[in-house]
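K.L.:
Here it is: the structure, laid out below.
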Amino acid sequence: MLEKRAAEFQLDEEVREKTVKEPFDSQYRCGALLGSGGFGSVFSGQRLCDGLQVAIKQISSDRVQQWARLPGEVGPVPMEIALLQRLAEVGGHGGVVRMLDWFEVEGRGFLLVMERPPHGQDLFDFITERGALPERLTLRFFRQIVEGLRFLHAHGVVHRDIKDENIVVDTRTLDVKIIDFGSGAPLKETPYSEFEGTLGLQPPEWIVSQAYEAVPLTVWSLGVLLFDMVCGDIPFERDQDIVAAAPVFTRRVSKECQSLIRWCLSYRPEERPTLEEILSHPWMGGGEAEEEEEEHSSLPSQSL
Ligand SMILES: Nc1ncnc2c1ncn2[C@@H]1O[C@H](COP(=O)(O)OP(=O)(O)OP(=O)(O)O)[C@@H](O)[C@H]1O
Ligand SMILES: [Mg+2]
């Protein structure tokens with residue numbers, strides 16, 4: 001059923017009209033570089049008709065690993081565009097970046113235009129600037145991320161590269177959004193046999209048997225991310241530490257939070273929680289996180 005849903009990538013009327021739309025240059029202005037990585041570069045930009053702040057991702061065709069067909073399009077498009085298109089069609093979600101538009105640049109690649117939070121900073125930079133985050137703030141971010149992932153899975157999309165660099169924080173509202181679907185895939189119930197996420201963030205089952213399933217992979221990456229937020233760095237980098245699956249806490253972290261991290265980082269995929277089980281874990285209720293915050297509230301650097 002999931003496979004069937006994932007295969008139903010369809011275009012709405014607005015996108016069918018793409019062939020007659022205005023060219024990129026007459027609709028958007030490109031600004032400063034925001035970041036670059038495996039698939040291309042991301043720039044800040046502006047929509048000329050109303051001044052909306054956007055992010056523009058340049059995707060070079062020669063770096064794209066997975067392609068998809070969209071109805072009404074002559075050629076294939078990068079999977080990243082097809083996945084974001086699917087999510088836009090079902091109305092989007094506050095915890096997931098929204099694609100506003102996309103363009104094919106003849107012979108060069110694709111431009112993906114997406115929303116950009118007005119005071120956006122990626123979570124990697126956010127943690128680098130501030131160090132380990134207080135549990136209450138971590139909880140606020142983590143809940144939004146888990147909700148965003150539930151939305152993705154409910155609509156047949158698996159992200160496969162959840163990590164701090166792929167989360168954007170609006171530093172005024174403290175709302176977060178999942179970005180970067182460059183490693184994403186249609187969600188399926190059977191195992192995946194290719195890993196396109198970040199090295200060092202692969203789960204033990206990938207290291208041991210070069211296979212993983214979507215939900216346990218996602219939950220492993222959530223364990224790594226939660227540890228990263230409360231300790232200021234990821235728990236493991238070497239394969240031998242990943243397969244040992246025994247995080248060593250480098251800071252004072254509440255027992256409830258440690259228990260959730262350890263559960264997500266269970267060596268056996270079938271022992272990890274589901275997204276729903278994460279949401280009903282006692283730490284998600286906020287009790288110990290609140291106490292933590294009170295303990296630290298006199299420290300200015302922890303006062304977010
Ligand atoms: N919508 C956005 N709003 C604000 N900043 C963004 C946005 N999209 C991307 N960025 C910034 O640009 C960086 C790179 O973007 P992204 O993660 O999509 O590309 P990438 O890592 O090169 O992609 P890939 O993993 O597909 O190679 C992000 O880490 C973030 O700092
Ligand atoms: Mg990225």
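Lettering and numbering for the structure tokens are positional, with chains as A, B, ... in the shown order, residues counted from 1 in each chain, and ligands counted from 1 in the shown order.
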As a compact mmCIF listing (two decimals) with N, CA and C atoms, in the first residue's frame, please: every protein or nucleic acid residue near ligand 1 (cut-off 7 Å, counting only C-alpha atoms and all ligand atoms).
P.N.:
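See result30.txt below for the written result:
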```txt
# COMPACT_ATOMS: atom_id res chain seq x y z
N LEU A 34 23.98 30.26 0.64
CA LEU A 34 23.62 29.82 2.00
C LEU A 34 24.40 28.58 2.39
N GLY A 35 24.68 27.73 1.42
CA GLY A 35 25.41 26.50 1.74
C GLY A 35 25.63 25.69 0.48
N SER A 36 26.61 24.81 0.51
CA SER A 36 26.78 23.91 -0.63
C SER A 36 27.17 22.55 -0.12
N GLY A 37 26.86 21.54 -0.91
CA GLY A 37 27.12 20.17 -0.47
C GLY A 37 27.17 19.25 -1.66
N GLY A 38 26.79 18.00 -1.41
CA GLY A 38 26.93 16.95 -2.42
C GLY A 38 26.19 17.22 -3.72
N PHE A 39 25.00 17.81 -3.65
CA PHE A 39 24.17 17.88 -4.85
C PHE A 39 24.19 19.24 -5.53
N GLY A 40 24.83 20.23 -4.95
CA GLY A 40 24.84 21.54 -5.58
C GLY A 40 24.95 22.63 -4.54
N SER A 41 24.47 23.83 -4.89
CA SER A 41 24.60 24.97 -3.99
C SER A 41 23.22 25.55 -3.70
N VAL A 42 23.10 26.16 -2.53
CA VAL A 42 21.83 26.78 -2.14
C VAL A 42 22.07 28.27 -1.90
N VAL A 54 13.14 33.55 -0.35
CA VAL A 54 13.17 32.14 -0.75
C VAL A 54 14.59 31.60 -0.67
N ALA A 55 14.70 30.28 -0.75
CA ALA A 55 16.00 29.64 -0.92
C ALA A 55 15.97 28.96 -2.28
N LYS A 57 17.89 26.21 -4.66
CA LYS A 57 18.89 25.12 -4.68
C LYS A 57 19.19 24.78 -6.13
N VAL A 97 9.98 21.87 4.94
CA VAL A 97 10.13 22.97 3.99
C VAL A 97 9.20 22.77 2.80
N MET A 114 12.38 27.19 -2.80
CA MET A 114 11.62 26.79 -1.60
C MET A 114 11.49 27.96 -0.63
N GLU A 115 10.64 27.80 0.34
CA GLU A 115 10.47 28.84 1.34
C GLU A 115 11.75 28.95 2.18
N ARG A 116 11.98 30.14 2.74
CA ARG A 116 13.14 30.35 3.62
C ARG A 116 12.67 31.12 4.84
N PRO A 117 12.77 30.51 6.02
CA PRO A 117 12.30 31.21 7.22
C PRO A 117 13.04 32.55 7.35
N GLY A 120 16.22 32.43 9.53
CA GLY A 120 16.59 31.02 9.47
C GLY A 120 18.08 30.79 9.71
N GLN A 121 18.37 29.73 10.44
CA GLN A 121 19.75 29.30 10.64
C GLN A 121 19.68 27.78 10.73
N ASP A 122 20.63 27.08 10.08
CA ASP A 122 20.49 25.62 10.21
C ASP A 122 20.93 25.18 11.60
N GLU A 165 22.34 19.60 10.10
CA GLU A 165 22.50 20.48 8.92
C GLU A 165 21.25 20.54 8.07
N ASN A 166 20.38 19.54 8.20
CA ASN A 166 19.19 19.47 7.36
C ASN A 166 17.92 19.88 8.10
N VAL A 168 16.24 23.58 9.55
CA VAL A 168 16.40 25.04 9.64
C VAL A 168 15.55 25.55 10.81
N ILE A 179 14.67 20.17 5.95
CA ILE A 179 15.04 20.54 4.57
C ILE A 179 15.85 19.39 3.95
N ASP A 180 16.22 19.56 2.69
CA ASP A 180 17.16 18.69 1.97
C ASP A 180 16.65 17.27 1.75
N PHE A 181 15.88 17.13 0.68
CA PHE A 181 15.35 15.81 0.32
C PHE A 181 16.23 15.12 -0.73
N GLY A 182 17.49 15.56 -0.80
CA GLY A 182 18.43 15.03 -1.79
C GLY A 182 18.78 13.56 -1.60
N SER A 183 18.53 13.00 -0.41
CA SER A 183 18.77 11.57 -0.18
C SER A 183 17.45 10.82 0.00
```
K.L.:
Would you list the contacts of Leu100 in chain A as a list of chain:residue names, taking every protein, DNA or RNA residue within 12 Å and counting only C-alpha atoms, but skipping same-chain residues closer than 4 positions in sequence?
P.N.:
A:Glu14, A:Val15, A:Gln27, A:Tyr28, A:Gln46, A:Arg47, A:Leu52, A:Gln53, A:Val54, A:Ala55, A:Ile56, A:Lys57, A:Ile81, A:Leu84, A:Gln85, A:Arg86, A:Leu87, A:Ala88, A:Glu89, A:Gly91, A:Gly92, A:Leu111, A:Leu112, A:Val113, A:Met114, A:Glu115, A:Arg116
K.L.:
Write a file of the selected residues as a short mmCIF file (atom, residue, chain, number, x, y, z; two decimals), in the first residue's frame, keeping N, CA and C atoms.
P.N.:
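Just written: part-v2.cif:
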```cif
data_model
loop_
_atom_site.label_atom_id
_atom_site.label_comp_id
_atom_site.auth_asym_id
_atom_site.auth_seq_id
_atom_site.Cartn_x
_atom_site.Cartn_y
_atom_site.Cartn_z
N GLU A 14 -1.95 23.53 -11.56
CA GLU A 14 -1.00 24.64 -11.51
C GLU A 14 0.34 24.22 -12.10
N VAL A 15 0.79 23.00 -11.73
CA VAL A 15 2.08 22.56 -12.19
C VAL A 15 2.02 22.09 -13.63
N GLN A 27 11.25 35.97 -12.57
CA GLN A 27 10.42 35.80 -11.36
C GLN A 27 11.19 35.90 -10.05
N TYR A 28 12.49 35.57 -10.08
CA TYR A 28 13.28 35.50 -8.83
C TYR A 28 14.60 36.22 -9.00
N GLN A 46 14.90 36.10 -3.66
CA GLN A 46 13.68 36.86 -3.44
C GLN A 46 12.73 36.65 -4.61
N ARG A 47 11.44 36.49 -4.30
CA ARG A 47 10.45 36.43 -5.37
C ARG A 47 10.10 37.86 -5.75
N LEU A 52 8.90 37.98 -1.40
CA LEU A 52 9.02 36.83 -0.49
C LEU A 52 10.46 36.31 -0.48
N GLN A 53 10.96 36.03 0.73
CA GLN A 53 12.30 35.46 0.89
C GLN A 53 12.26 33.98 0.53
N VAL A 54 13.14 33.55 -0.35
CA VAL A 54 13.17 32.14 -0.75
C VAL A 54 14.59 31.60 -0.67
N ALA A 55 14.70 30.28 -0.75
CA ALA A 55 16.00 29.64 -0.92
C ALA A 55 15.97 28.96 -2.28
N ILE A 56 17.09 29.05 -3.01
CA ILE A 56 17.14 28.49 -4.36
C ILE A 56 18.26 27.45 -4.40
N LYS A 57 17.89 26.21 -4.66
CA LYS A 57 18.89 25.12 -4.68
C LYS A 57 19.19 24.78 -6.13
N ILE A 81 12.91 16.67 -6.28
CA ILE A 81 11.81 17.53 -6.76
C ILE A 81 10.48 16.75 -6.73
N LEU A 84 9.24 16.50 -3.07
CA LEU A 84 8.74 17.79 -2.56
C LEU A 84 7.44 18.18 -3.26
N GLN A 85 7.34 17.82 -4.54
CA GLN A 85 6.11 18.09 -5.29
C GLN A 85 4.92 17.35 -4.66
N ARG A 86 5.18 16.10 -4.33
CA ARG A 86 4.14 15.28 -3.71
C ARG A 86 3.67 15.91 -2.40
N LEU A 87 4.64 16.38 -1.59
CA LEU A 87 4.30 16.95 -0.28
C LEU A 87 3.55 18.27 -0.44
N ALA A 88 3.93 19.04 -1.47
CA ALA A 88 3.24 20.31 -1.71
C ALA A 88 1.79 20.05 -2.11
N GLU A 89 1.60 19.02 -2.93
CA GLU A 89 0.24 18.72 -3.41
C GLU A 89 -0.71 18.33 -2.28
N GLY A 91 -0.66 19.61 0.60
CA GLY A 91 -0.88 20.77 1.47
C GLY A 91 0.29 21.16 2.35
N GLY A 92 1.35 20.36 2.35
CA GLY A 92 2.53 20.71 3.13
C GLY A 92 2.29 20.56 4.63
N LEU A 111 16.68 24.06 -10.90
CA LEU A 111 16.62 25.03 -9.81
C LEU A 111 15.36 24.73 -9.01
N LEU A 112 15.55 24.59 -7.71
CA LEU A 112 14.43 24.27 -6.84
C LEU A 112 14.22 25.50 -5.94
N VAL A 113 13.04 26.08 -6.00
CA VAL A 113 12.75 27.26 -5.18
C VAL A 113 11.91 26.84 -3.99
N MET A 114 12.38 27.19 -2.80
CA MET A 114 11.62 26.79 -1.60
C MET A 114 11.49 27.96 -0.63
N GLU A 115 10.64 27.80 0.34
CA GLU A 115 10.47 28.84 1.34
C GLU A 115 11.75 28.95 2.18
N ARG A 116 11.98 30.14 2.74
CA ARG A 116 13.14 30.35 3.62
C ARG A 116 12.67 31.12 4.84
#
```
K.L.:
Skip Asp239 in chain A itself and residues of its chain fewer than 4 positions away, then list as an NGL selection string all residues within 8 Å of it, counting only C-alpha atoms.
P.N.:
:A and (200 or 204 or 207 or 243)
K.L.:
In Å to one decimal, how far is CA of Trp220 in chain A from CA of Thr128 in chain A?
P.N.:
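Computed distance, CA of Thr128 in chain A to CA of Trp220 in chain A, equals 22.0 Å.
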K.L.:
With only C-alpha atoms as the basis for distance, which of A:Asp125, A:Asp161, A:Glu194, A:Glu276 is at the shortest distance from Leu225 in chain A?
P.N.:
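Closest residue, counting only C-alpha atoms: A:Asp161.
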K.L.:
Using DSSP secondary structure from the backbone, list all strand (DSSP E or B) positions within range 101-299 of chain A, as a list in words.
P.N.:
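Those residues are Asp101, Trp102, Phe103, Glu104, Val105, Gly109, Phe110, Leu111, Leu112, Val113, Met114, Glu115, Gly120, Gln121, Asp122, Val157, Val158, Ile167, Val168, Val169, Asp170, Val176, Lys177, Ile178, Ala185, Pro186, Tyr192 and Tyr212 of chain A.
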K.L.:
Would you return as JSON, numbers by chain the members of range 222-258 of chain A that DSSP assigns to alpha helix (DSSP H) on this structure's backbone?
P.N.:
{"A": [222, 223, 224, 225, 226, 227, 228, 229, 230, 231, 239, 240, 241, 242, 243, 244, 255, 256, 257, 258]}
K.L.:
So how many Å separate CA of Ile59 in chain A and CA of Thr190 in chain A, to one decimal?
P.N.:
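We find that CA of Ile59 in chain A and CA of Thr190 in chain A lie 28.7 Å from each other.
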K.L.:
Which neighbours of Leu83 in chain A fall inside 9 Å, counting only C-alpha atoms, when residues of the same chain fewer than 3 positions from it are skipped, and could you give them as a ChimeraX atom specification?
P.N.:
/A:6,9,68,78-80,86-88,156-157,181,184-186
K.L.:
Would you mind telling me which residue in A:Gly148, A:Gly197, A:Gly232, A:Gly31 lies nearest to ligand 2 when using only C-alpha atoms and all ligand atoms?
P.N.:
A:Gly197
K.L.:
Rounded to one decimal in Å, what is the spacing between CA of Leu133 in chain A and atom 1 (Mg, counted along the ligand's line) of ligand 2?
P.N.:
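It comes out at 21.0 Å.
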K.L.:
Measuring between only C-alpha atoms and all ligand atoms, which one of A:His93, A:His159, A:Arg130, A:Arg150 shows the shortest distance to ligand 2?
P.N.:
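Residue with the minimum atom-to-atom distance to ligand 2: A:His159.
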K.L.:
Rank A:Asp62, A:Glu270, A:Glu196, A:Glu189 by their smallest atom-to-atom distance to Gln210 in chain A, using only C-alpha atoms, and report the top residue only.
P.N.:
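Ranking A:Asp62, A:Glu270, A:Glu196, A:Glu189 by distance to Gln210 in chain A, first place goes to A:Glu196.
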